[in-house]
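> Here's a structure for you.
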Amino acid sequence: MQEIYNFSAGPAVMPKPVLKQIQNEMMSYRGSGQSVLEMSHRSSLFQEIIKKAEETLRALMQIPDEYDVLFLQGGASLQFTMVPLNLGIKKAGYIHTGIWAKKAIQEAEKLADLEVAVLASSAAKNFTYIPEITSVPQYLDYVHLTTNNTIEGTAFYTLPKTGDVPLVGDLSSNILSFDYDVKDFGLIYAGAQKNMGPAGMTVVIVRKDLLGKKKGLPAMIDYKLQAENDSMYNTPPTFAIYAAGLVFDWLKKQGGIKEMEQRSRQKAQLLYETLDASSLFYSSVAKKDRSLTTIPFMTGNSDLDDQFIKEAEKVGLVNLKGHRSVGGMRASLYNAFPLTGVETLTAFMQDFEQQNG
Ligand code: PMP
C-alpha cells in the first residue's frame, strides 16, 4: 500500500505505535474485559489512567508542584472564555498575532466588566511576523499570547517579559514541540487534537495562586472547582485522556520535549530550505518568526496551488490545503509527523517546480 503522509492541522497525525496500542487494548484494557470506552471514570482502572497521564505530562514539561494540571472539554476555544472569566478582574492585555489570537480577544471583549487592551499587533503586515512588546503595564490582570499561530505560521521563541503580570499562553499548536519553561507562564492551555491525541480534551496548566480570584462562576468554567475535583467535576473525556496518556508515554520514550524540538527543527529546516531555494514556492513569514510546526507556503497562483494539492494527494501527501483565510498550502509537522514525510514532500515540490515553474 502507498505510504500516506497526513499534513492535517488538527485533528492530526498520531504516533503509529500509539494507534496500534489503542487497537490492541480496544476490546479489553489490560485484561480487564472492558474497553476504555466502556469504563466508569470513577473506576480504579480509569483513575490509574488519568493519574498516569498527568504524571507523565508533568515529567515531560517539568511542571512544578505549584501548578495544577486539568483535562477539560470545550476545546481551546472555551479557554478563550474561561481565561478572562477566571482571571480577568479589570483589564487584560492581548497580543494580536492572527486569527486565533483575534478570537481570544473577541471572547474577552464580550465580558462587560473587563477592559481589553491590545498591547501589540502584527495585523498591518498580515500577521507575517511576531511583534515586539516593549513594556507591559503592571496593573494588567494577565497578558495573553498565542505561542504558535497555526494559520499564519509564526511562533514566539522568546516570551515577552511581563514582570508580575501572569502570562497566559495558547500553546495549542506547539505544545510539546518547543521547550517552553512552564514557570514563565501563569496559565497554559492547549487543545489535544494537534500534538497530544484525539479531539475532545483540552489541557490547562494553571498556577495555583491564580485560582479562585472570581467567585460565583458557573461550575463548569471554574478552574478552582475543576482543580479541586481533579478534572472530575463531571464525566471527563475519558478516551481522549487515555489516548493522550499513551502519546505522552511515547514522547517520553522518544527522548522528551528536547528531542521533539530537535526533530521539529530538522523537519522545518528541510521545508524552509526548499522554499528558500525555490523560484516557484515561497513563505511570507519573517525568517526569525517562522513556525516549526505549522508551515504555510504558496505559489502565488491559486490555480497552480490547487493543482499542486491535487497532484500531491495522488502520491500520498494529503491534507496540504492551506487555511481558507491564507490560501495556498500548509504543512503541519507535529511530533508524530515523520521526517520521511517532509523528505517526500520536498522532493515532490522540486519535481512539481521543474514541470510547472
Ligand atoms: N488556538 C489555536 C492556536 C488553534 O490552532 C486552534 C485550533 N486550530 C484553536 C485555538 C481552537 O481550538 P479548538 O478547536 O480546540 O477549540
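In the C-alpha cells, chains take the letters A, B, ... in the order shown, each chain's residues start at 1, and ligands count up from 1 in the order shown.
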Got a sec to check which residues lie within 9 Å of ligand 1, using only C-alpha atoms and all ligand atoms, and send them as a count of residues only?

38

> Within 7 Å of Val13 of chain A, counting only C-alpha atoms, which residues qualify if same-chain residues fewer than 3 places away don't, as JSON, numbers by chain?

{"A": [6, 336, 337]}

> How would you write, as a PyMOL selection string, the set of residues in segment 149-345 of chain A that DSSP gives as alpha helix (DSSP H)?

chain A and resi 223-228+238-254+256-277+302-314+339-345

> Identify, with DSSP run on backbone atoms, the residues in segment 85-265 of chain A assigned to strand (DSSP E), and express the list as a ChimeraX atom specification.

/A:91-96,115-121,143-146,148-149,154-155,167-170,187-191,202-207

> How about saving the chosen residues, C-alpha atoms kept, as a CSV table (one decimal), in the first residue's frame?


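That gives us out17.csv:
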```csv
chain,number,residue,atom,x,y,z
A,91,LYS,CA,-8.1,44.9,32.5
A,92,ALA,CA,-6.3,42.3,30.4
A,93,GLY,CA,-3.7,42.6,27.7
A,94,TYR,CA,-3.6,40.7,24.5
A,95,ILE,CA,-1.0,40.2,21.8
A,96,HIS,CA,-2.7,40.1,18.4
A,115,GLU,CA,-11.4,46.1,29.6
A,116,VAL,CA,-9.3,44.6,26.9
A,117,ALA,CA,-6.1,46.2,25.7
A,118,VAL,CA,-4.3,45.0,22.6
A,119,LEU,CA,-0.6,45.5,23.6
A,120,ALA,CA,0.9,44.7,20.2
A,121,SER,CA,-0.4,43.6,16.8
A,143,VAL,CA,-1.2,39.1,29.2
A,144,HIS,CA,-2.4,36.6,26.6
A,145,LEU,CA,-0.5,35.3,23.6
A,146,THR,CA,-0.7,32.5,21.1
A,148,ASN,CA,2.2,29.3,17.6
A,149,ASN,CA,-0.1,30.8,15.1
A,154,THR,CA,4.6,32.3,13.1
A,155,ALA,CA,5.8,31.4,16.6
A,167,LEU,CA,1.4,35.3,31.1
A,168,VAL,CA,-1.3,33.2,29.6
A,169,GLY,CA,-0.3,31.1,26.6
A,170,ASP,CA,-2.4,29.3,24.0
A,187,LEU,CA,-1.5,29.6,32.7
A,188,ILE,CA,-1.1,27.4,29.6
A,189,TYR,CA,-3.8,25.9,27.6
A,190,ALA,CA,-3.9,23.7,24.5
A,191,GLY,CA,-6.4,21.6,22.6
A,202,THR,CA,-8.0,20.4,26.5
A,203,VAL,CA,-5.0,20.6,28.8
A,204,VAL,CA,-4.9,23.5,31.2
A,205,ILE,CA,-1.8,24.1,33.3
A,206,VAL,CA,-2.5,26.8,35.9
A,207,ARG,CA,-0.5,28.3,38.7
```

> Determine the nearest neighbour of Val83 of chain A from the options A:Glu38, A:Asp222, A:Glu311, A:Asp68, counting only C-alpha atoms.

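Ranking A:Glu38, A:Asp222, A:Glu311, A:Asp68 by distance to Val83 of chain A, first place goes to A:Asp222.
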
> Work out how far apart atom CA of Lys110 of chain A and atom CA of Thr81 of chain A are and give it in Å to one decimal.

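Taking atom CA of Lys110 of chain A and atom CA of Thr81 of chain A, their separation equals 8.8 Å.
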
> Select, from A:Tyr334, A:Phe248, A:Tyr142, A:Phe297, the residue with the minimum atom-to-atom distance to Pro166 of chain A, counting only C-alpha atoms.

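The shortest atom-to-atom distance to Pro166 of chain A comes from A:Tyr142.
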
> So that I can see what lies close to Arg42 of chain A, please list as a list in words the residues with an atom at most 12 Å from it, counting only C-alpha atoms and leaving out residues fewer than 2 positions away in the same chain.

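Here the answer would be Glu38, Met39, Ser40, Ser44, Leu45, Phe46, Gln47, Glu48, Ile49, Ile50, Asn229, Asp230, Ser231, Met232, Tyr233, Asn234, Thr235, Pro236 and Thr238 of chain A.
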
> With N, CA and C atoms kept, could you save the residues just selected as a short mmCIF file (atom, residue, chain, number, x, y, z; two decimals), in the first residue's frame?


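Result written to part.cif:
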```cif
data_model
loop_
_atom_site.label_atom_id
_atom_site.label_comp_id
_atom_site.auth_asym_id
_atom_site.auth_seq_id
_atom_site.Cartn_x
_atom_site.Cartn_y
_atom_site.Cartn_z
N GLU A 38 -15.73 1.93 27.65
CA GLU A 38 -16.87 1.46 28.46
C GLU A 38 -16.67 1.69 29.95
N MET A 39 -15.53 2.23 30.31
CA MET A 39 -15.14 2.27 31.71
C MET A 39 -15.71 3.46 32.46
N SER A 40 -16.16 3.22 33.67
CA SER A 40 -16.58 4.36 34.50
C SER A 40 -15.37 5.25 34.79
N SER A 44 -11.31 2.34 39.44
CA SER A 44 -9.89 2.42 39.79
C SER A 44 -9.04 2.30 38.52
N LEU A 45 -9.53 1.56 37.54
CA LEU A 45 -8.79 1.43 36.29
C LEU A 45 -8.62 2.79 35.62
N PHE A 46 -9.71 3.55 35.54
CA PHE A 46 -9.58 4.85 34.89
C PHE A 46 -8.82 5.85 35.75
N GLN A 47 -9.00 5.76 37.06
CA GLN A 47 -8.24 6.66 37.96
C GLN A 47 -6.75 6.53 37.71
N GLU A 48 -6.35 5.28 37.51
CA GLU A 48 -4.94 4.99 37.24
C GLU A 48 -4.52 5.64 35.91
N ILE A 49 -5.40 5.56 34.91
CA ILE A 49 -5.09 6.12 33.58
C ILE A 49 -4.91 7.64 33.66
N ILE A 50 -5.81 8.31 34.33
CA ILE A 50 -5.75 9.78 34.35
C ILE A 50 -4.57 10.25 35.22
N ASN A 229 -11.64 19.06 42.02
CA ASN A 229 -12.23 17.76 41.67
C ASN A 229 -11.35 16.93 40.74
N ASP A 230 -10.09 17.31 40.64
CA ASP A 230 -9.15 16.57 39.78
C ASP A 230 -9.72 16.33 38.38
N SER A 231 -10.27 17.36 37.78
CA SER A 231 -10.87 17.31 36.43
C SER A 231 -12.05 16.34 36.35
N MET A 232 -12.63 16.00 37.50
CA MET A 232 -13.73 15.02 37.51
C MET A 232 -14.98 15.62 38.13
N TYR A 233 -15.16 16.91 37.97
CA TYR A 233 -16.41 17.50 38.47
C TYR A 233 -17.58 16.83 37.78
N ASN A 234 -17.41 16.63 36.46
CA ASN A 234 -18.39 15.81 35.73
C ASN A 234 -17.60 14.73 34.98
N THR A 235 -18.23 14.05 34.06
CA THR A 235 -17.55 12.99 33.33
C THR A 235 -16.50 13.60 32.41
N PRO A 236 -15.26 13.29 32.63
CA PRO A 236 -14.23 13.87 31.75
C PRO A 236 -14.16 13.11 30.42
N THR A 238 -12.92 10.68 28.76
CA THR A 238 -12.09 9.56 29.22
C THR A 238 -11.20 9.00 28.10
#
```

> Between A:Leu159, A:Leu114, A:Ala268, A:Val36, which one has atoms that come closest to Glu132 of chain A, using only C-alpha atoms?

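Closest to Glu132 of chain A of all the choices is A:Leu159.
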
> Within 12 Å of Lys52 of chain A, counting only C-alpha atoms, which residues show up once you throw out same-chain ones fewer than 5 positions away? Write them as an MDAnalysis selection string, please.

chainID A and resid 45:47 57:59 241:249

> How far is it from atom CA of Arg324 of chain A to atom CA of Gln266 of chain A, in Å with one decimal?

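Atom-to-atom, atom CA of Arg324 of chain A and atom CA of Gln266 of chain A are spaced 27.4 Å apart.
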
> Name the closest residue to Thr299 of chain A among the candidates A:Ser325, A:Tyr129, A:Glu353, A:Leu251; distances are taken between atoms, counting only C-alpha atoms.

A:Glu353

> So that I can check the surroundings of Gly328 of chain A, please list as a list of chain:residue names every protein, DNA and RNA residue that reaches within 12 Å of it, counting only C-alpha atoms and ignoring chain neighbours fewer than 4 positions away.

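Near Gly328 of chain A, the qualifying residues are A:Ile151, A:Glu152, A:Phe281, A:Tyr282, A:Ser283, A:Ser284, A:Ile295, A:Pro296, A:Phe297, A:Met298, A:Thr299, A:Gly300, A:Asn301, A:Ser302, A:Asp303, A:Leu304, A:Asp305, A:Asp306, A:Gln307, A:Phe308, A:Ile309, A:Asn319, A:Leu320, A:Lys321, A:Gly322, A:His323, A:Arg324.
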
> Can you write out the residues you just picked, keeping C-alpha atoms, as a short mmCIF file (atom, residue, chain, number, x, y, z; two decimals), in the first residue's frame?


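The new file again_35.cif reads:
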```cif
data_model
loop_
_atom_site.label_atom_id
_atom_site.label_comp_id
_atom_site.auth_asym_id
_atom_site.auth_seq_id
_atom_site.Cartn_x
_atom_site.Cartn_y
_atom_site.Cartn_z
CA ILE A 151 -2.91 29.56 10.41
CA GLU A 152 -0.29 32.25 9.77
CA PHE A 281 7.10 28.30 -3.87
CA TYR A 282 7.52 30.81 -1.08
CA SER A 283 6.68 31.57 2.53
CA SER A 284 5.67 35.11 3.54
CA ILE A 295 4.16 25.98 7.79
CA PRO A 296 2.10 27.81 5.18
CA PHE A 297 3.54 28.18 1.67
CA MET A 298 2.23 29.05 -1.77
CA THR A 299 3.00 29.69 -5.42
CA GLY A 300 1.09 32.98 -5.64
CA ASN A 301 -1.19 31.46 -8.28
CA SER A 302 -4.26 29.84 -6.78
CA ASP A 303 -4.86 27.58 -9.80
CA LEU A 304 -1.33 26.27 -9.52
CA ASP A 305 -1.77 25.81 -5.76
CA ASP A 306 -4.91 23.74 -6.42
CA GLN A 307 -3.07 21.67 -9.00
CA PHE A 308 -0.22 21.09 -6.54
CA ILE A 309 -2.60 19.98 -3.79
CA ASN A 319 -4.36 17.46 3.74
CA LEU A 320 -1.96 20.06 2.41
CA LYS A 321 -4.62 22.64 1.61
CA GLY A 322 -3.96 25.90 3.43
CA HIS A 323 -6.46 27.60 5.70
CA ARG A 324 -9.09 29.38 3.64
#
```

> So which one's closest to Thr274 of chain A, A:Met26, A:Met349, A:Ala286, A:Leu72? Using only C-alpha atoms, please.

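The shortest atom-to-atom distance to Thr274 of chain A comes from A:Met349.
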
> Let me make sure I understand: among A:Thr97, A:Gln21, A:Gln106, A:Ser279, which one has the smallest atom-to-atom distance to Thr128 of chain A if we use only C-alpha atoms?

A:Thr97
